[in-house]
Amino acid sequence: MIKHLLKLVWNRRRTNLLVMIEIFFSFLVLFVVAALGIYYGENYRRPLGFSYQNVWHVSIDVKQRSDDYFTAEQVETTKQLLLAARSFDEVEGVAGATTIPYGMGRSTTIYENGGKRVRCDVNEVSDAFRDVMNLQLVHGRWFGKEDDGANWQTVVVNQKFSREFFGTDNSVGKIIGTPSNPAEALKVVGVITDYRQDGEFSSPENFSFVRKSLDLPAGADVAKIDVRRYRPPRNLLLRLHPGTTRAFEEKLINKLQAVARNWSFEIEPLADKRESSLKLRLAPVIAVGLIAAFLMLMVALGLTGVLWQNVTQRTKEIGLRRAKGATASDVRRQILGELLVITSLGLAIGVVVIIQFPLLNLVGFIDSKVYFASLALSAGLIYLLTLLCGLYPSWLATRVQPAAALHYE
Amino acid sequence: MLKNYLKIAIKVFLRRKFFTFISLFAISFTLVVLMVATAFFDHIFGIMPPEVNLDRTLGIYFASMWGPRASRSGDAGYRLLDHYGRNLPRVEKYSILSEPGFGYSFIKGEKVKSFLKRTDGEYWQILKFQFLEGGPFTVEDEKNANFVAVINEATRTRLFGNAKAVGKTIEVDGQRFRVVGVVSNVPIFRIVPFSDIWVPISTAKTDSYRSELVGGFMAIVLARSRNDFQMIKDEFRSRMGHVEMTDPTTFSQVFSSTDTFFEAVSRMFFSGRRDEESHAGRLLASILIAAILFMLLPTVNLININISRIMERASEIGVRKAFGASSWTLVGQFIVENVLLTLLGAAIGFVLAIGVLQAISQSGLIPYAEFHINYRIFAYGVLVAVFFGLFSGVYPAWRMSRLNPVEALKGASR
């Protein structure tokens, strides 16, 4: 049966070759869209690692262009800002942070151990951050006052980093790197499940929190001091009592402004930030999806037209088959079978091409699970598409009257 | 002859409406996507007011400096631009401007955030803003640190309603400026001219910016002609070798370059911090490859439809061949038909593209964006449409011309 179908396809190879090429390109387009969709869907289902509800973000503009230096006065003012915000009844907790969830900025570093180099996102945060953001600790502890006198920097990492860097889930007590100066050592005190700072659609990344302290050691020279540990944060995160309204914003800003007259502040609930961040991430995906949908509609219409034309051209052949006793469903099976063969051939070339993607490292962002899932999904979709296109023409073929068809000869 | 072809073409289009519809749909959809993409590209890189001299403008956008242990990179710094960017050879005008920052004002107790740009007097001579009232601030204003400001139309509406703004005072970040001019809005993608409020650089609260090599500023260089670009680039690059470093133990070297805006964008994508080459060719190639890849599927689709359309007319072709029409005549006829169909599709595509662009402009996704189809985009669209028509018509026409008249008359199937 298949051999016979192949022969039929081969007999009309020139027309079929072009249809096959069209199916091949459509398959590539479907694969890319499927991969994007599955990748985003997978990420969306993963736990976020923090909660954004009832958290407000206050950004501090200190009217200074560079982040590379700071003064002891700025540290003190920032400390006062945290205290001022904390003094409200509406506020359950206040934390300082260098980067924030759903924000545009991120800071990344490379940690080294022996010859091993691992890329990891870093956020420098104050002690209250865990409670404000509801982070989930699995091992060890979060940092706190007890780390004030420590001779190293205290770090909390996520499970992914712990596994990748130390090869174990529980890396509490381990030191990152082999620094010559012990004050530069980073000591892991706790491990959290995850923290996907860029939100629901981002892939899980390595993440580490470095403790930020606003208590400068007595007599310290800020020009020489460790910047990462003491640089005042430009972002505050406030956890509010559920039900606090935007009206609180004015009270809050007046108080902050009273502490730091020359700085300016901007307040936005994280929920709002989340909405605009998701919109920004989804907009290009939706644009690509829309274009792909129209492309597929175009292909579907074109394919229907071509198949329709083919069937009208082969009236004689079909009429002969009917005259020799083939049933309507036999004819339909033949038309759809040929189409299936062409689709499979186009698909085969497509798969050969797509296999090259990981080999050439073109799809760095998707893992093998997403890769194979999207391969399967796009293959299924292309069969569905061609089947739909073949329905009407194959029905038309069954309508052929043997007498009318043979009459032409 | 052509008139006859066109008459036949229209008859054929009307006879098989479904095929005509599929072709038109494919062509117009492809054109819409390409037109919208081109409009975006033109919106970002094309010459449009106020950047009317863009074709002979270079910019100094980025700078980086590094030493044995530390490195910094970002926008260029004021000292670098002021000391080493001025008086380049064959340059007509030179202006320094800050990256867009924010300024805060209070209106009836409510806080309003605006984009704030600090710049100098030459800025208004290089860029031709459309002034709705008043005029720009001058080189003297910048020199004397006069507290004057130019605002855009949106800011005027926000701060003063619809009243005249010139002569009135606005307060930004606690500083009071007298409004001297109001300009029409400029879209956010045009990084050099974009802002809500423009004030002189010298009115900054501190003058710490004056000593920085990296950070916060950029410059635009108006050359006499674009033939001088290479000379200007070479001179600026050689000056980078002689920059006086304030703290050579931390930062010992500095790198910066003069680029066209397109080169600056490709530098962001493809170049390292100290890369001499901007890789503009690579960016252009990527864009072209993306466009061609996108067009492949519609083209194959159209070729398929065209073949079907021709085969359906096999008997007509057989008759014409039997009466002595040459293959070339038939190919010519079919291509004329196909180009006509493509142009028809292109016309529909243009109308749809205008609608899509208007929808994007009005959605407010991009501040002050006004997407238009100008003559450049139109010309490009017609070019693509004709190319599309020829390309998708040639192979089917060739197949048609090879039909054997006898078989064709019978209604050939292969």
# chains A, B, ... in the order shown; residues from 1 in each chain; ligands from 1
$ interface_residues --of "chain B" --to "chain A" --cutoff "9 Å" --atoms "only C-alpha atoms" --output "PDB file with C-alpha atoms, in the first residue's frame"
ATOM      1  CA  PHE B  18     -10.903  31.375  -4.432  1.00  0.00           C
ATOM      2  CA  PHE B  19      -7.415  31.249  -5.953  1.00  0.00           C
ATOM      3  CA  ILE B  22      -5.585  33.038  -1.570  1.00  0.00           C
ATOM      4  CA  SER B  23      -2.964  34.875  -3.631  1.00  0.00           C
ATOM      5  CA  PHE B  25      -4.219  37.132   1.150  1.00  0.00           C
ATOM      6  CA  ALA B  26      -0.678  35.728   0.980  1.00  0.00           C
ATOM      7  CA  PHE B  29      -0.161  39.586   4.664  1.00  0.00           C
ATOM      8  CA  THR B  30       3.525  39.292   3.751  1.00  0.00           C
ATOM      9  CA  VAL B  33       4.579  42.268   8.112  1.00  0.00           C
ATOM     10  CA  TYR B 104      10.383  65.379  39.206  1.00  0.00           C
ATOM     11  CA  ASP B 173      13.996  68.563  41.177  1.00  0.00           C
ATOM     12  CA  GLY B 174      13.688  71.690  43.338  1.00  0.00           C
ATOM     13  CA  LYS B 205      23.404  70.780  41.105  1.00  0.00           C
ATOM     14  CA  TYR B 209      30.304  65.425  36.115  1.00  0.00           C
ATOM     15  CA  GLY B 215      29.129  57.846  32.346  1.00  0.00           C
ATOM     16  CA  GLY B 216      26.103  59.991  31.772  1.00  0.00           C
ATOM     17  CA  LEU B 296      10.625  32.084   1.924  1.00  0.00           C
ATOM     18  CA  LEU B 297       7.406  30.450   3.061  1.00  0.00           C
ATOM     19  CA  PRO B 298       5.055  32.980   1.409  1.00  0.00           C
ATOM     20  CA  VAL B 300       6.880  28.890  -1.943  1.00  0.00           C
ATOM     21  CA  ASN B 301       3.191  29.156  -1.162  1.00  0.00           C
ATOM     22  CA  LEU B 302       2.645  31.612  -3.986  1.00  0.00           C
ATOM     23  CA  ILE B 303       4.616  29.488  -6.458  1.00  0.00           C
ATOM     24  CA  ASN B 304       2.403  26.527  -5.591  1.00  0.00           C
ATOM     25  CA  ILE B 305      -0.775  28.508  -6.080  1.00  0.00           C
ATOM     26  CA  ILE B 307       1.300  26.480 -10.728  1.00  0.00           C
ATOM     27  CA  SER B 308      -2.190  25.330  -9.871  1.00  0.00           C
ATOM     28  CA  ARG B 309      -3.674  28.371 -11.531  1.00  0.00           C
ATOM     29  CA  MET B 311      -2.407  24.049 -14.912  1.00  0.00           C
ATOM     30  CA  GLU B 312      -6.055  24.816 -14.651  1.00  0.00           C
ATOM     31  CA  LYS B 410      -6.430  17.467 -23.859  1.00  0.00           C
ATOM     32  CA  GLY B 411      -5.859  18.934 -20.400  1.00  0.00           C
ATOM     33  CA  ALA B 412      -2.444  17.679 -19.322  1.00  0.00           C
ATOM     34  CA  SER B 413      -2.037  16.432 -15.830  1.00  0.00           C
ATOM     35  CA  ARG B 414       1.681  16.471 -15.200  1.00  0.00           C
TER      36      ARG B 414
END
$ residues_around --residues "Phe261 in chain B" --least-positions-apart "5" --cutoff "12 Å" --atoms "only C-alpha atoms" --output "MDAnalysis selection string"
chainID B and resid 44:47 51 54:62 189:192 218:221 266:268 278 280
$ write_last_selection --atoms "C-alpha atoms" --output "mmCIF file, in the first residue's frame"
data_model
loop_
_atom_site.group_PDB
_atom_site.id
_atom_site.type_symbol
_atom_site.label_atom_id
_atom_site.label_comp_id
_atom_site.auth_asym_id
_atom_site.auth_seq_id
_atom_site.Cartn_x
_atom_site.Cartn_y
_atom_site.Cartn_z
ATOM 1 C CA ILE B 44 14.596 54.166 14.651
ATOM 2 C CA PHE B 45 17.233 54.808 12.000
ATOM 3 C CA GLY B 46 15.674 56.903 9.236
ATOM 4 C CA ILE B 47 16.163 60.609 8.683
ATOM 5 C CA GLU B 51 17.355 64.782 13.019
ATOM 6 C CA LEU B 54 21.435 62.415 10.307
ATOM 7 C CA ASP B 55 23.251 61.384 7.131
ATOM 8 C CA ARG B 56 26.260 63.486 8.113
ATOM 9 C CA THR B 57 26.028 63.093 11.871
ATOM 10 C CA LEU B 58 28.266 60.909 13.998
ATOM 11 C CA GLY B 59 27.880 60.293 17.683
ATOM 12 C CA ILE B 60 30.141 59.426 20.590
ATOM 13 C CA TYR B 61 27.913 57.138 22.622
ATOM 14 C CA PHE B 62 29.983 54.732 24.669
ATOM 15 C CA PHE B 189 13.509 55.598 20.159
ATOM 16 C CA ARG B 190 15.292 58.694 18.899
ATOM 17 C CA ILE B 191 17.708 58.713 21.802
ATOM 18 C CA VAL B 192 19.525 61.916 20.828
ATOM 19 C CA MET B 218 27.027 61.486 24.762
ATOM 20 C CA ALA B 219 27.943 63.833 21.935
ATOM 21 C CA ILE B 220 26.837 64.410 18.377
ATOM 22 C CA VAL B 221 29.275 65.486 15.674
ATOM 23 C CA SER B 266 25.341 47.054 16.334
ATOM 24 C CA ARG B 267 28.142 47.800 18.801
ATOM 25 C CA MET B 268 25.650 47.076 21.584
ATOM 26 C CA SER B 278 31.403 48.087 15.270
ATOM 27 C CA ALA B 280 27.573 47.144 11.474
#
$ closest_residue --among "B:Arg399, B:Arg274, B:Arg156, B:Arg86" --to "Phe334 in chain B" --atoms "only C-alpha atoms"
B:Arg399
$ residues_around --residues "range 314-327 of chain B" --least-positions-apart "4" --cutoff "6 Å" --atoms "only C-alpha atoms" --output "ChimeraX atom specification"
/B:401,405,408-409,411
$ select_by_dssp --residues "range 160-334 of chain B" --states "strand (DSSP E)" --output "PyMOL selection string"
chain B and resi 169-172+175-183+197-200+217-223+253-259
$ write_last_selection --atoms "N, CA and C atoms" --output "PDB file, in the first residue's frame"
ATOM      1  N   THR B 169       7.245  79.628  34.739  1.00  0.00           N
ATOM      2  CA  THR B 169       8.311  78.944  35.449  1.00  0.00           C
ATOM      3  C   THR B 169       7.904  77.510  35.756  1.00  0.00           C
ATOM      4  N   ILE B 170       8.830  76.581  35.580  1.00  0.00           N
ATOM      5  CA  ILE B 170       8.568  75.218  36.018  1.00  0.00           C
ATOM      6  C   ILE B 170       9.594  74.838  37.077  1.00  0.00           C
ATOM      7  N   GLU B 171       9.183  73.929  37.938  1.00  0.00           N
ATOM      8  CA  GLU B 171      10.119  73.482  38.966  1.00  0.00           C
ATOM      9  C   GLU B 171      10.443  72.016  38.720  1.00  0.00           C
ATOM     10  N   VAL B 172      11.732  71.735  38.586  1.00  0.00           N
ATOM     11  CA  VAL B 172      12.169  70.363  38.371  1.00  0.00           C
ATOM     12  C   VAL B 172      13.240  70.041  39.401  1.00  0.00           C
ATOM     13  N   GLN B 175      14.675  72.807  41.384  1.00  0.00           N
ATOM     14  CA  GLN B 175      15.260  73.960  40.700  1.00  0.00           C
ATOM     15  C   GLN B 175      14.182  74.619  39.860  1.00  0.00           C
ATOM     16  N   ARG B 176      14.233  75.960  39.775  1.00  0.00           N
ATOM     17  CA  ARG B 176      13.192  76.660  39.004  1.00  0.00           C
ATOM     18  C   ARG B 176      13.753  77.129  37.671  1.00  0.00           C
ATOM     19  N   PHE B 177      13.064  76.759  36.596  1.00  0.00           N
ATOM     20  CA  PHE B 177      13.504  77.137  35.256  1.00  0.00           C
ATOM     21  C   PHE B 177      12.438  77.987  34.581  1.00  0.00           C
ATOM     22  N   ARG B 178      12.901  78.970  33.779  1.00  0.00           N
ATOM     23  CA  ARG B 178      11.972  79.755  32.980  1.00  0.00           C
ATOM     24  C   ARG B 178      11.848  79.094  31.613  1.00  0.00           C
ATOM     25  N   VAL B 179      10.610  78.831  31.205  1.00  0.00           N
ATOM     26  CA  VAL B 179      10.394  78.172  29.910  1.00  0.00           C
ATOM     27  C   VAL B 179      10.652  79.174  28.792  1.00  0.00           C
ATOM     28  N   VAL B 180      11.550  78.807  27.844  1.00  0.00           N
ATOM     29  CA  VAL B 180      11.811  79.703  26.717  1.00  0.00           C
ATOM     30  C   VAL B 180      11.239  79.154  25.412  1.00  0.00           C
ATOM     31  N   GLY B 181      10.941  77.867  25.370  1.00  0.00           N
ATOM     32  CA  GLY B 181      10.422  77.313  24.115  1.00  0.00           C
ATOM     33  C   GLY B 181       9.621  76.044  24.336  1.00  0.00           C
ATOM     34  N   VAL B 182       8.715  75.772  23.401  1.00  0.00           N
ATOM     35  CA  VAL B 182       7.948  74.530  23.428  1.00  0.00           C
ATOM     36  C   VAL B 182       8.120  73.854  22.071  1.00  0.00           C
ATOM     37  N   VAL B 183       8.535  72.577  22.067  1.00  0.00           N
ATOM     38  CA  VAL B 183       8.721  71.846  20.805  1.00  0.00           C
ATOM     39  C   VAL B 183       7.700  70.714  20.716  1.00  0.00           C
ATOM     40  N   ILE B 197      11.877  67.513  28.880  1.00  0.00           N
ATOM     41  CA  ILE B 197      12.369  68.819  29.301  1.00  0.00           C
ATOM     42  C   ILE B 197      13.870  68.890  28.986  1.00  0.00           C
ATOM     43  N   TRP B 198      14.304  70.013  28.402  1.00  0.00           N
ATOM     44  CA  TRP B 198      15.727  70.210  28.125  1.00  0.00           C
ATOM     45  C   TRP B 198      16.217  71.424  28.909  1.00  0.00           C
ATOM     46  N   VAL B 199      17.353  71.275  29.610  1.00  0.00           N
ATOM     47  CA  VAL B 199      17.920  72.414  30.329  1.00  0.00           C
ATOM     48  C   VAL B 199      19.424  72.451  30.090  1.00  0.00           C
ATOM     49  N   PRO B 200      20.084  73.607  30.314  1.00  0.00           N
ATOM     50  CA  PRO B 200      21.538  73.680  30.110  1.00  0.00           C
ATOM     51  C   PRO B 200      22.298  72.731  31.048  1.00  0.00           C
ATOM     52  N   PHE B 217      26.878  60.886  29.631  1.00  0.00           N
ATOM     53  CA  PHE B 217      26.752  61.824  28.508  1.00  0.00           C
ATOM     54  C   PHE B 217      27.033  61.167  27.158  1.00  0.00           C
ATOM     55  N   MET B 218      26.631  61.869  26.115  1.00  0.00           N
ATOM     56  CA  MET B 218      27.027  61.486  24.762  1.00  0.00           C
ATOM     57  C   MET B 218      27.193  62.768  23.959  1.00  0.00           C
ATOM     58  N   ALA B 219      27.741  62.642  22.748  1.00  0.00           N
ATOM     59  CA  ALA B 219      27.943  63.833  21.935  1.00  0.00           C
ATOM     60  C   ALA B 219      27.530  63.545  20.508  1.00  0.00           C
ATOM     61  N   ILE B 220      27.096  64.590  19.805  1.00  0.00           N
ATOM     62  CA  ILE B 220      26.837  64.410  18.377  1.00  0.00           C
ATOM     63  C   ILE B 220      27.762  65.332  17.587  1.00  0.00           C
ATOM     64  N   VAL B 221      28.271  64.811  16.487  1.00  0.00           N
ATOM     65  CA  VAL B 221      29.275  65.486  15.674  1.00  0.00           C
ATOM     66  C   VAL B 221      28.682  65.688  14.291  1.00  0.00           C
ATOM     67  N   LEU B 222      28.528  66.943  13.884  1.00  0.00           N
ATOM     68  CA  LEU B 222      27.976  67.200  12.555  1.00  0.00           C
ATOM     69  C   LEU B 222      29.130  67.443  11.581  1.00  0.00           C
ATOM     70  N   ALA B 223      29.366  66.486  10.681  1.00  0.00           N
ATOM     71  CA  ALA B 223      30.468  66.611   9.727  1.00  0.00           C
ATOM     72  C   ALA B 223      30.002  67.422   8.530  1.00  0.00           C
ATOM     73  N   GLN B 253      43.727  53.022  30.994  1.00  0.00           N
ATOM     74  CA  GLN B 253      43.441  53.232  29.585  1.00  0.00           C
ATOM     75  C   GLN B 253      41.969  53.519  29.371  1.00  0.00           C
ATOM     76  N   VAL B 254      41.688  54.203  28.257  1.00  0.00           N
ATOM     77  CA  VAL B 254      40.294  54.501  27.962  1.00  0.00           C
ATOM     78  C   VAL B 254      40.038  54.204  26.492  1.00  0.00           C
ATOM     79  N   PHE B 255      38.810  53.779  26.192  1.00  0.00           N
ATOM     80  CA  PHE B 255      38.448  53.543  24.796  1.00  0.00           C
ATOM     81  C   PHE B 255      37.083  54.153  24.504  1.00  0.00           C
ATOM     82  N   SER B 256      37.003  54.809  23.366  1.00  0.00           N
ATOM     83  CA  SER B 256      35.715  55.329  22.924  1.00  0.00           C
ATOM     84  C   SER B 256      35.776  55.448  21.409  1.00  0.00           C
ATOM     85  N   SER B 257      34.626  55.625  20.771  1.00  0.00           N
ATOM     86  CA  SER B 257      34.643  55.669  19.313  1.00  0.00           C
ATOM     87  C   SER B 257      33.524  56.556  18.786  1.00  0.00           C
ATOM     88  N   THR B 258      33.738  57.096  17.589  1.00  0.00           N
ATOM     89  CA  THR B 258      32.689  57.862  16.925  1.00  0.00           C
ATOM     90  C   THR B 258      31.948  56.921  15.988  1.00  0.00           C
ATOM     91  N   ASP B 259      30.635  56.870  16.145  1.00  0.00           N
ATOM     92  CA  ASP B 259      29.841  55.925  15.366  1.00  0.00           C
ATOM     93  C   ASP B 259      28.630  56.619  14.773  1.00  0.00           C
TER      94      ASP B 259
END
$ residues_around --residues "Leu339 in chain A" --least-positions-apart "5" --cutoff "9 Å" --atoms "only C-alpha atoms" --output "ChimeraX atom specification"
/A:9,307,334,344,386-387,390
$ select_by_dssp --residues "range 197-284 of chain A" --states "alpha helix (DSSP H)" --output "number ranges by chain"
A: 227-230, 248-259, 270-284
$ write_last_selection --atoms "C-alpha atoms" --output "compact mmCIF listing (two decimals), in the first residue's frame"
# COMPACT_ATOMS: atom_id res chain seq x y z
CA VAL A 227 31.69 48.37 48.38
CA ARG A 228 29.46 45.35 47.98
CA ARG A 229 28.90 44.95 51.69
CA TYR A 230 28.22 48.55 52.66
CA PHE A 248 -0.78 55.33 52.16
CA GLU A 249 1.70 56.35 49.46
CA GLU A 250 1.47 60.04 50.27
CA LYS A 251 2.03 59.54 54.00
CA LEU A 252 5.01 57.34 53.27
CA ILE A 253 6.63 59.64 50.76
CA ASN A 254 6.24 62.69 53.01
CA LYS A 255 8.02 60.91 55.79
CA LEU A 256 10.83 59.64 53.57
CA GLN A 257 11.24 63.10 52.05
CA ALA A 258 11.55 64.54 55.54
CA VAL A 259 14.48 62.21 56.23
CA LEU A 270 5.24 45.10 43.00
CA ALA A 271 1.94 43.83 41.59
CA ASP A 272 1.92 46.79 39.16
CA LYS A 273 5.55 46.26 38.30
CA ARG A 274 4.77 42.61 37.66
CA GLU A 275 1.98 43.47 35.28
CA SER A 276 4.08 45.78 33.13
CA SER A 277 7.04 43.41 33.21
CA LEU A 278 4.93 40.46 32.05
CA LYS A 279 3.41 42.63 29.34
CA LEU A 280 6.85 43.60 28.12
CA ARG A 281 7.99 39.99 28.04
CA LEU A 282 4.87 38.70 26.35
CA ALA A 283 4.52 41.41 23.69
CA PRO A 284 7.24 40.02 21.37
$ closest_residue --among "A:Ala260, A:Ile366, A:Ala287, A:Ala397" --to "Ser329 in chain A" --atoms "only C-alpha atoms"
A:Ala397
